[in-house]
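**Student:** Got coords21.cif for you, mmCIF, N, CA and C atoms:
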```
data_data
#
loop_
_atom_site.label_atom_id
_atom_site.label_comp_id
_atom_site.auth_asym_id
_atom_site.auth_seq_id
_atom_site.Cartn_x
_atom_site.Cartn_y
_atom_site.Cartn_z
N MET T 1235 0.81 -1.20 0.00
CA MET T 1235 0.00 0.00 0.00
C MET T 1235 0.85 1.27 0.00
N PRO T 1236 1.91 1.36 0.83
CA PRO T 1236 2.73 2.58 0.78
C PRO T 1236 3.40 2.79 -0.58
N GLU T 1237 3.72 1.69 -1.29
CA GLU T 1237 4.34 1.83 -2.61
C GLU T 1237 3.37 2.45 -3.61
N VAL T 1238 2.13 2.08 -3.52
CA VAL T 1238 1.11 2.64 -4.42
C VAL T 1238 0.96 4.13 -4.16
N LEU T 1239 0.94 4.51 -2.90
CA LEU T 1239 0.80 5.91 -2.55
C LEU T 1239 2.01 6.73 -3.00
N THR T 1240 3.22 6.21 -2.81
CA THR T 1240 4.40 6.96 -3.24
C THR T 1240 4.48 7.03 -4.76
N ASP T 1241 4.07 5.96 -5.46
CA ASP T 1241 4.04 6.01 -6.92
C ASP T 1241 3.03 7.04 -7.41
N PHE T 1242 1.88 7.12 -6.73
CA PHE T 1242 0.88 8.11 -7.12
C PHE T 1242 1.42 9.52 -6.93
N ILE T 1243 2.08 9.77 -5.82
CA ILE T 1243 2.62 11.11 -5.56
C ILE T 1243 3.74 11.44 -6.54
N LYS T 1244 4.59 10.48 -6.86
CA LYS T 1244 5.68 10.73 -7.81
C LYS T 1244 5.17 11.04 -9.20
N ASN T 1245 4.10 10.38 -9.61
CA ASN T 1245 3.60 10.53 -10.98
C ASN T 1245 2.44 11.50 -11.11
N ALA T 1246 2.05 12.14 -10.02
CA ALA T 1246 0.91 13.07 -10.06
C ALA T 1246 1.27 14.32 -10.86
N SER T 1247 0.27 14.86 -11.51
CA SER T 1247 0.50 16.05 -12.33
C SER T 1247 0.24 17.30 -11.49
N LEU T 1248 0.52 18.43 -12.09
CA LEU T 1248 0.31 19.71 -11.43
C LEU T 1248 -1.16 19.93 -11.12
N ILE T 1249 -2.03 19.48 -12.00
CA ILE T 1249 -3.47 19.62 -11.79
C ILE T 1249 -3.90 18.89 -10.52
N THR T 1250 -3.34 17.70 -10.31
CA THR T 1250 -3.68 16.93 -9.11
C THR T 1250 -3.19 17.63 -7.86
N PHE T 1251 -1.98 18.16 -7.90
CA PHE T 1251 -1.46 18.86 -6.73
C PHE T 1251 -2.28 20.12 -6.42
N ILE T 1252 -2.69 20.84 -7.44
CA ILE T 1252 -3.54 22.02 -7.23
C ILE T 1252 -4.88 21.60 -6.65
N ASN T 1253 -5.45 20.51 -7.18
CA ASN T 1253 -6.73 20.03 -6.68
C ASN T 1253 -6.64 19.64 -5.21
N PHE T 1254 -5.60 18.91 -4.83
CA PHE T 1254 -5.45 18.52 -3.43
C PHE T 1254 -5.16 19.72 -2.54
N PHE T 1255 -4.44 20.72 -3.05
CA PHE T 1255 -4.21 21.95 -2.28
C PHE T 1255 -5.54 22.67 -2.02
N ILE T 1256 -6.38 22.76 -3.05
CA ILE T 1256 -7.70 23.38 -2.88
C ILE T 1256 -8.53 22.57 -1.89
N PHE T 1257 -8.49 21.26 -2.01
CA PHE T 1257 -9.23 20.38 -1.10
C PHE T 1257 -8.82 20.62 0.35
N ILE T 1258 -7.54 20.59 0.62
CA ILE T 1258 -7.04 20.77 2.00
C ILE T 1258 -7.36 22.16 2.51
N THR T 1259 -7.15 23.17 1.68
CA THR T 1259 -7.40 24.55 2.09
C THR T 1259 -8.85 24.77 2.47
N PHE T 1260 -9.76 24.31 1.65
CA PHE T 1260 -11.18 24.56 1.92
C PHE T 1260 -11.73 23.69 3.03
N VAL T 1261 -11.18 22.51 3.25
CA VAL T 1261 -11.60 21.72 4.41
C VAL T 1261 -11.13 22.41 5.69
N LEU T 1262 -9.92 22.97 5.69
CA LEU T 1262 -9.45 23.71 6.86
C LEU T 1262 -10.30 24.97 7.09
N ILE T 1263 -10.69 25.64 6.02
CA ILE T 1263 -11.59 26.79 6.16
C ILE T 1263 -12.93 26.33 6.73
N GLY T 1264 -13.40 25.18 6.30
CA GLY T 1264 -14.64 24.63 6.83
C GLY T 1264 -14.54 24.34 8.33
N PHE T 1265 -13.39 23.80 8.77
CA PHE T 1265 -13.20 23.57 10.20
C PHE T 1265 -13.17 24.89 10.97
N ASP T 1266 -12.53 25.90 10.41
CA ASP T 1266 -12.54 27.21 11.07
C ASP T 1266 -13.95 27.77 11.16
N LEU T 1267 -14.70 27.65 10.09
CA LEU T 1267 -16.07 28.14 10.09
C LEU T 1267 -16.93 27.35 11.06
N PHE T 1268 -16.61 26.08 11.25
CA PHE T 1268 -17.34 25.25 12.19
C PHE T 1268 -17.28 25.84 13.60
N PHE T 1269 -16.14 26.37 13.97
CA PHE T 1269 -15.99 26.91 15.32
C PHE T 1269 -16.57 28.31 15.47
N PHE T 1270 -16.72 29.04 14.38
CA PHE T 1270 -17.15 30.43 14.48
C PHE T 1270 -18.55 30.72 13.96
N ALA T 1271 -19.19 29.77 13.29
CA ALA T 1271 -20.51 30.00 12.70
C ALA T 1271 -21.59 29.88 13.77
N ARG T 1272 -22.32 30.96 13.97
CA ARG T 1272 -23.38 30.96 14.97
C ARG T 1272 -24.74 31.36 14.39
N THR T 1273 -24.77 32.01 13.24
CA THR T 1273 -26.02 32.50 12.67
C THR T 1273 -26.37 31.73 11.40
N LYS T 1274 -27.60 31.94 10.93
CA LYS T 1274 -28.03 31.26 9.70
C LYS T 1274 -27.27 31.78 8.49
N SER T 1275 -26.95 33.07 8.50
CA SER T 1275 -26.21 33.60 7.36
C SER T 1275 -24.79 33.03 7.31
N ALA T 1276 -24.23 32.76 8.46
CA ALA T 1276 -22.90 32.12 8.49
C ALA T 1276 -22.98 30.68 8.01
N MET T 1277 -24.12 30.04 8.23
CA MET T 1277 -24.31 28.67 7.76
C MET T 1277 -24.32 28.59 6.24
N ARG T 1278 -24.74 29.63 5.59
CA ARG T 1278 -24.76 29.63 4.12
C ARG T 1278 -23.35 29.61 3.54
N TRP T 1279 -22.39 30.09 4.30
CA TRP T 1279 -21.02 30.06 3.83
C TRP T 1279 -20.50 28.64 3.70
N PHE T 1280 -21.04 27.71 4.48
CA PHE T 1280 -20.64 26.31 4.35
C PHE T 1280 -20.92 25.80 2.94
N LEU T 1281 -22.08 26.16 2.40
CA LEU T 1281 -22.41 25.69 1.05
C LEU T 1281 -21.47 26.26 0.01
N LEU T 1282 -21.15 27.55 0.15
CA LEU T 1282 -20.23 28.18 -0.79
C LEU T 1282 -18.85 27.54 -0.70
N ILE T 1283 -18.40 27.31 0.51
CA ILE T 1283 -17.09 26.69 0.71
C ILE T 1283 -17.10 25.24 0.23
N GLY T 1284 -18.21 24.55 0.39
CA GLY T 1284 -18.30 23.16 -0.03
C GLY T 1284 -18.34 22.97 -1.53
N ILE T 1285 -18.84 23.95 -2.24
CA ILE T 1285 -18.95 23.84 -3.69
C ILE T 1285 -17.57 23.91 -4.36
N VAL T 1286 -16.65 24.63 -3.77
CA VAL T 1286 -15.34 24.84 -4.40
C VAL T 1286 -14.56 23.54 -4.58
N PRO T 1287 -14.40 22.68 -3.56
CA PRO T 1287 -13.64 21.44 -3.79
C PRO T 1287 -14.26 20.52 -4.82
N VAL T 1288 -15.59 20.39 -4.81
CA VAL T 1288 -16.21 19.48 -5.77
C VAL T 1288 -16.10 20.05 -7.19
N THR T 1289 -16.20 21.36 -7.33
CA THR T 1289 -16.01 21.98 -8.65
C THR T 1289 -14.58 21.79 -9.13
N SER T 1290 -13.64 21.94 -8.22
CA SER T 1290 -12.24 21.72 -8.57
C SER T 1290 -12.00 20.27 -8.99
N GLY T 1291 -12.63 19.33 -8.30
CA GLY T 1291 -12.49 17.92 -8.65
C GLY T 1291 -13.09 17.60 -10.02
N ILE T 1292 -14.24 18.20 -10.31
CA ILE T 1292 -14.87 17.98 -11.62
C ILE T 1292 -14.00 18.56 -12.72
N LEU T 1293 -13.49 19.76 -12.50
CA LEU T 1293 -12.63 20.39 -13.50
C LEU T 1293 -11.33 19.59 -13.71
N ALA T 1294 -10.75 19.10 -12.63
CA ALA T 1294 -9.53 18.30 -12.75
C ALA T 1294 -9.80 17.01 -13.51
N MET T 1295 -10.92 16.36 -13.23
CA MET T 1295 -11.25 15.14 -13.96
C MET T 1295 -11.49 15.43 -15.43
N TYR T 1296 -12.18 16.52 -15.72
CA TYR T 1296 -12.42 16.89 -17.11
C TYR T 1296 -11.10 17.10 -17.85
N LEU T 1297 -10.19 17.82 -17.23
CA LEU T 1297 -8.90 18.07 -17.88
C LEU T 1297 -8.10 16.78 -18.05
N LYS T 1298 -8.17 15.89 -17.08
CA LYS T 1298 -7.45 14.61 -17.20
C LYS T 1298 -8.01 13.77 -18.34
N TYR T 1299 -9.32 13.77 -18.50
CA TYR T 1299 -9.91 12.99 -19.58
C TYR T 1299 -9.69 13.64 -20.94
N LYS T 1300 -9.77 14.95 -20.99
CA LYS T 1300 -9.64 15.65 -22.27
C LYS T 1300 -8.22 15.58 -22.81
N TYR T 1301 -7.24 15.76 -21.93
CA TYR T 1301 -5.85 15.80 -22.37
C TYR T 1301 -5.07 14.57 -21.97
N ALA T 1302 -5.72 13.41 -21.86
CA ALA T 1302 -5.04 12.18 -21.47
C ALA T 1302 -4.07 11.71 -22.54
N ASP T 1303 -4.35 12.00 -23.80
CA ASP T 1303 -3.47 11.54 -24.87
C ASP T 1303 -2.39 12.55 -25.22
N THR T 1304 -2.36 13.69 -24.52
CA THR T 1304 -1.36 14.71 -24.79
C THR T 1304 -0.22 14.57 -23.80
N VAL T 1305 0.92 14.15 -24.29
CA VAL T 1305 2.10 14.02 -23.44
C VAL T 1305 3.27 14.72 -24.11
N MET T 1306 4.29 15.01 -23.35
CA MET T 1306 5.42 15.75 -23.90
C MET T 1306 6.53 14.84 -24.39
N THR T 1307 6.41 13.55 -24.20
CA THR T 1307 7.47 12.63 -24.62
C THR T 1307 7.06 11.90 -25.89
N ASP T 1308 7.43 10.66 -26.03
CA ASP T 1308 7.27 9.90 -27.26
C ASP T 1308 5.83 9.81 -27.76
N GLY T 1309 4.92 9.66 -26.89
CA GLY T 1309 3.52 9.52 -27.29
C GLY T 1309 2.75 8.83 -26.19
N ALA T 1310 1.47 8.93 -26.31
CA ALA T 1310 0.62 8.33 -25.28
C ALA T 1310 0.41 6.86 -25.56
N THR T 1311 0.58 6.07 -24.54
CA THR T 1311 0.29 4.64 -24.64
C THR T 1311 -1.03 4.39 -23.93
N PRO T 1312 -1.65 3.28 -24.19
CA PRO T 1312 -2.90 2.98 -23.47
C PRO T 1312 -2.72 2.96 -21.94
N GLU T 1313 -1.54 2.57 -21.47
CA GLU T 1313 -1.29 2.55 -20.04
C GLU T 1313 -1.26 3.96 -19.45
N THR T 1314 -0.62 4.90 -20.16
CA THR T 1314 -0.56 6.27 -19.64
C THR T 1314 -1.93 6.94 -19.70
N ILE T 1315 -2.70 6.62 -20.73
CA ILE T 1315 -4.06 7.17 -20.81
C ILE T 1315 -4.92 6.62 -19.68
N ALA T 1316 -4.81 5.32 -19.41
CA ALA T 1316 -5.58 4.71 -18.31
C ALA T 1316 -5.13 5.29 -16.96
N ALA T 1317 -3.83 5.52 -16.80
CA ALA T 1317 -3.34 6.10 -15.55
C ALA T 1317 -3.86 7.53 -15.38
N SER T 1318 -3.92 8.27 -16.46
CA SER T 1318 -4.46 9.63 -16.39
C SER T 1318 -5.94 9.62 -16.04
N HIS T 1319 -6.68 8.67 -16.58
CA HIS T 1319 -8.10 8.56 -16.26
C HIS T 1319 -8.30 8.19 -14.79
N ARG T 1320 -7.47 7.26 -14.29
CA ARG T 1320 -7.56 6.89 -12.87
C ARG T 1320 -7.25 8.09 -11.98
N GLU T 1321 -6.24 8.86 -12.36
CA GLU T 1321 -5.89 10.05 -11.60
C GLU T 1321 -7.03 11.06 -11.61
N GLY T 1322 -7.73 11.18 -12.73
CA GLY T 1322 -8.89 12.06 -12.80
C GLY T 1322 -10.02 11.63 -11.89
N VAL T 1323 -10.24 10.33 -11.81
CA VAL T 1323 -11.28 9.82 -10.91
C VAL T 1323 -10.88 10.06 -9.45
N ILE T 1324 -9.61 9.91 -9.14
CA ILE T 1324 -9.14 10.19 -7.78
C ILE T 1324 -9.32 11.67 -7.45
N ASP T 1325 -9.06 12.55 -8.41
CA ASP T 1325 -9.28 13.98 -8.19
C ASP T 1325 -10.76 14.27 -7.92
N LEU T 1326 -11.63 13.65 -8.69
CA LEU T 1326 -13.07 13.84 -8.48
C LEU T 1326 -13.49 13.31 -7.12
N ALA T 1327 -12.98 12.15 -6.73
CA ALA T 1327 -13.33 11.57 -5.43
C ALA T 1327 -12.84 12.45 -4.29
N ALA T 1328 -11.66 13.04 -4.43
CA ALA T 1328 -11.15 13.94 -3.39
C ALA T 1328 -12.02 15.18 -3.27
N GLY T 1329 -12.44 15.74 -4.39
CA GLY T 1329 -13.32 16.90 -4.35
C GLY T 1329 -14.66 16.58 -3.74
N ALA T 1330 -15.22 15.43 -4.09
CA ALA T 1330 -16.50 15.02 -3.52
C ALA T 1330 -16.37 14.74 -2.02
N ALA T 1331 -15.25 14.16 -1.62
CA ALA T 1331 -15.03 13.91 -0.19
C ALA T 1331 -14.93 15.22 0.58
N GLY T 1332 -14.28 16.21 0.00
CA GLY T 1332 -14.22 17.53 0.64
C GLY T 1332 -15.59 18.14 0.81
N PHE T 1333 -16.43 18.00 -0.21
CA PHE T 1333 -17.80 18.51 -0.14
C PHE T 1333 -18.58 17.81 0.96
N VAL T 1334 -18.44 16.50 1.05
CA VAL T 1334 -19.16 15.73 2.07
C VAL T 1334 -18.68 16.10 3.47
N VAL T 1335 -17.38 16.26 3.65
CA VAL T 1335 -16.84 16.64 4.96
C VAL T 1335 -17.39 17.99 5.39
N ILE T 1336 -17.42 18.94 4.47
CA ILE T 1336 -17.91 20.28 4.80
C ILE T 1336 -19.42 20.24 5.09
N LEU T 1337 -20.17 19.43 4.37
CA LEU T 1337 -21.61 19.31 4.66
C LEU T 1337 -21.85 18.65 6.02
N ILE T 1338 -21.03 17.69 6.37
CA ILE T 1338 -21.16 17.07 7.69
C ILE T 1338 -20.85 18.09 8.78
N LEU T 1339 -19.81 18.89 8.58
CA LEU T 1339 -19.50 19.95 9.54
C LEU T 1339 -20.67 20.93 9.68
N MET T 1340 -21.30 21.28 8.57
CA MET T 1340 -22.43 22.20 8.61
C MET T 1340 -23.60 21.59 9.38
N THR T 1341 -23.87 20.31 9.13
CA THR T 1341 -24.97 19.65 9.81
C THR T 1341 -24.73 19.58 11.32
N VAL T 1342 -23.53 19.23 11.71
CA VAL T 1342 -23.21 19.15 13.14
C VAL T 1342 -23.30 20.54 13.77
N ARG T 1343 -22.78 21.56 13.09
CA ARG T 1343 -22.81 22.92 13.65
C ARG T 1343 -24.26 23.40 13.78
N ARG T 1344 -25.10 23.09 12.80
CA ARG T 1344 -26.50 23.50 12.87
C ARG T 1344 -27.20 22.85 14.06
N ARG T 1345 -26.91 21.58 14.30
CA ARG T 1345 -27.52 20.90 15.45
C ARG T 1345 -27.00 21.46 16.76
N LEU T 1346 -25.73 21.79 16.82
CA LEU T 1346 -25.18 22.40 18.03
C LEU T 1346 -25.81 23.76 18.28
N ASN T 1347 -26.02 24.54 17.23
CA ASN T 1347 -26.65 25.84 17.38
C ASN T 1347 -28.09 25.71 17.87
N LYS T 1348 -28.81 24.70 17.38
CA LYS T 1348 -30.18 24.49 17.83
C LYS T 1348 -30.22 24.12 19.31
N GLU T 1349 -29.26 23.29 19.73
CA GLU T 1349 -29.22 22.90 21.13
C GLU T 1349 -28.86 24.08 22.02
N LEU T 1350 -27.96 24.92 21.57
CA LEU T 1350 -27.56 26.07 22.38
C LEU T 1350 -28.64 27.13 22.45
N ASN T 1351 -29.36 27.33 21.35
CA ASN T 1351 -30.38 28.37 21.31
C ASN T 1351 -31.75 27.91 21.78
N GLY T 1352 -31.91 26.63 21.87
CA GLY T 1352 -33.18 26.12 22.40
C GLY T 1352 -34.13 25.75 21.40
#
```
Mind converting the file's structure to structure tokens?
**Tutor:**
Amino acid sequence: MPEVLTDFIKNASLITFINFFIFITFVLIGFDLFFFARTKSAMRWFLLIGIVPVTSGILAMYLKYKYADTVMTDGATPETIAASHREGVIDLAAGAAGFVVILILMTVRRRLNKELNG
């Protein structure tokens, strides 16, 4: 398992690194908002923050599928195209996971606010 993870990191493209950076950044923003959101208008920010990682994941997957056969070396082989498609699906899954985490944080915060306010 660690070999698969290190191979993925070694062969990941810039799009994947940007997608994971956006994912981590917005999940951390979601955790910060979790501690400070007390009103209904602050709760709406969770949705805005949650949309960004999933949109980034969709865009990353689209780019991976569209430009899977474009490489800078000898040419694209079926293996490199399949690897690019797998990487696109991983990008989409990471974005969707970020969206789900932020929605769970919003749901928990909303319930905590209801308990505190009565």
**Student:** Quick one: which residues end up in the PyMOL selection byres (((chain T and resi 1313-1325 and name CA) around 8) and name CA) for this structure, as number ranges by chain?
**Tutor:** T: 1246, 1250, 1253-1254, 1291-1292, 1294-1299, 1302-1303, 1310-1312, 1326-1329
**Student:** Looking at only C-alpha atoms, which of T:Ser1247, T:Thr1273, T:Thr1259, T:Thr1240 is the one that sits closest to T:Met1340?
**Tutor:**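 Nearest to T:Met1340: T:Thr1273.
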**Student:** Got a sec to resolve the PyMOL selection byres (((chain T and resi 1286 and name CA) around 12) and name CA) on this structure and send the residues as a PyMOL selection string?
**Tutor:** chain T and resi 1253-1261+1263-1264+1279-1285+1287-1293+1326+1328-1334+1336
**Student:** Produce a file of the selected residues containing N, CA and C atoms, as a short mmCIF file (atom, residue, chain, number, x, y, z; two decimals), keeping the file's coordinate frame.
**Tutor:**
```
data_model
loop_
_atom_site.label_atom_id
_atom_site.label_comp_id
_atom_site.auth_asym_id
_atom_site.auth_seq_id
_atom_site.Cartn_x
_atom_site.Cartn_y
_atom_site.Cartn_z
N ASN T 1253 -5.45 20.51 -7.18
CA ASN T 1253 -6.73 20.03 -6.68
C ASN T 1253 -6.64 19.64 -5.21
N PHE T 1254 -5.60 18.91 -4.83
CA PHE T 1254 -5.45 18.52 -3.43
C PHE T 1254 -5.16 19.72 -2.54
N PHE T 1255 -4.44 20.72 -3.05
CA PHE T 1255 -4.21 21.95 -2.28
C PHE T 1255 -5.54 22.67 -2.02
N ILE T 1256 -6.38 22.76 -3.05
CA ILE T 1256 -7.70 23.38 -2.88
C ILE T 1256 -8.53 22.57 -1.89
N PHE T 1257 -8.49 21.26 -2.01
CA PHE T 1257 -9.23 20.38 -1.10
C PHE T 1257 -8.82 20.62 0.35
N ILE T 1258 -7.54 20.59 0.62
CA ILE T 1258 -7.04 20.77 2.00
C ILE T 1258 -7.36 22.16 2.51
N THR T 1259 -7.15 23.17 1.68
CA THR T 1259 -7.40 24.55 2.09
C THR T 1259 -8.85 24.77 2.47
N PHE T 1260 -9.76 24.31 1.65
CA PHE T 1260 -11.18 24.56 1.92
C PHE T 1260 -11.73 23.69 3.03
N VAL T 1261 -11.18 22.51 3.25
CA VAL T 1261 -11.60 21.72 4.41
C VAL T 1261 -11.13 22.41 5.69
N ILE T 1263 -10.69 25.64 6.02
CA ILE T 1263 -11.59 26.79 6.16
C ILE T 1263 -12.93 26.33 6.73
N GLY T 1264 -13.40 25.18 6.30
CA GLY T 1264 -14.64 24.63 6.83
C GLY T 1264 -14.54 24.34 8.33
N TRP T 1279 -22.39 30.09 4.30
CA TRP T 1279 -21.02 30.06 3.83
C TRP T 1279 -20.50 28.64 3.70
N PHE T 1280 -21.04 27.71 4.48
CA PHE T 1280 -20.64 26.31 4.35
C PHE T 1280 -20.92 25.80 2.94
N LEU T 1281 -22.08 26.16 2.40
CA LEU T 1281 -22.41 25.69 1.05
C LEU T 1281 -21.47 26.26 0.01
N LEU T 1282 -21.15 27.55 0.15
CA LEU T 1282 -20.23 28.18 -0.79
C LEU T 1282 -18.85 27.54 -0.70
N ILE T 1283 -18.40 27.31 0.51
CA ILE T 1283 -17.09 26.69 0.71
C ILE T 1283 -17.10 25.24 0.23
N GLY T 1284 -18.21 24.55 0.39
CA GLY T 1284 -18.30 23.16 -0.03
C GLY T 1284 -18.34 22.97 -1.53
N ILE T 1285 -18.84 23.95 -2.24
CA ILE T 1285 -18.95 23.84 -3.69
C ILE T 1285 -17.57 23.91 -4.36
N PRO T 1287 -14.40 22.68 -3.56
CA PRO T 1287 -13.64 21.44 -3.79
C PRO T 1287 -14.26 20.52 -4.82
N VAL T 1288 -15.59 20.39 -4.81
CA VAL T 1288 -16.21 19.48 -5.77
C VAL T 1288 -16.10 20.05 -7.19
N THR T 1289 -16.20 21.36 -7.33
CA THR T 1289 -16.01 21.98 -8.65
C THR T 1289 -14.58 21.79 -9.13
N SER T 1290 -13.64 21.94 -8.22
CA SER T 1290 -12.24 21.72 -8.57
C SER T 1290 -12.00 20.27 -8.99
N GLY T 1291 -12.63 19.33 -8.30
CA GLY T 1291 -12.49 17.92 -8.65
C GLY T 1291 -13.09 17.60 -10.02
N ILE T 1292 -14.24 18.20 -10.31
CA ILE T 1292 -14.87 17.98 -11.62
C ILE T 1292 -14.00 18.56 -12.72
N LEU T 1293 -13.49 19.76 -12.50
CA LEU T 1293 -12.63 20.39 -13.50
C LEU T 1293 -11.33 19.59 -13.71
N LEU T 1326 -11.63 13.65 -8.69
CA LEU T 1326 -13.07 13.84 -8.48
C LEU T 1326 -13.49 13.31 -7.12
N ALA T 1328 -11.66 13.04 -4.43
CA ALA T 1328 -11.15 13.94 -3.39
C ALA T 1328 -12.02 15.18 -3.27
N GLY T 1329 -12.44 15.74 -4.39
CA GLY T 1329 -13.32 16.90 -4.35
C GLY T 1329 -14.66 16.58 -3.74
N ALA T 1330 -15.22 15.43 -4.09
CA ALA T 1330 -16.50 15.02 -3.52
C ALA T 1330 -16.37 14.74 -2.02
N ALA T 1331 -15.25 14.16 -1.62
CA ALA T 1331 -15.03 13.91 -0.19
C ALA T 1331 -14.93 15.22 0.58
N GLY T 1332 -14.28 16.21 0.00
CA GLY T 1332 -14.22 17.53 0.64
C GLY T 1332 -15.59 18.14 0.81
N PHE T 1333 -16.43 18.00 -0.21
CA PHE T 1333 -17.80 18.51 -0.14
C PHE T 1333 -18.58 17.81 0.96
N VAL T 1334 -18.44 16.50 1.05
CA VAL T 1334 -19.16 15.73 2.07
C VAL T 1334 -18.68 16.10 3.47
N ILE T 1336 -17.42 18.94 4.47
CA ILE T 1336 -17.91 20.28 4.80
C ILE T 1336 -19.42 20.24 5.09
#
```
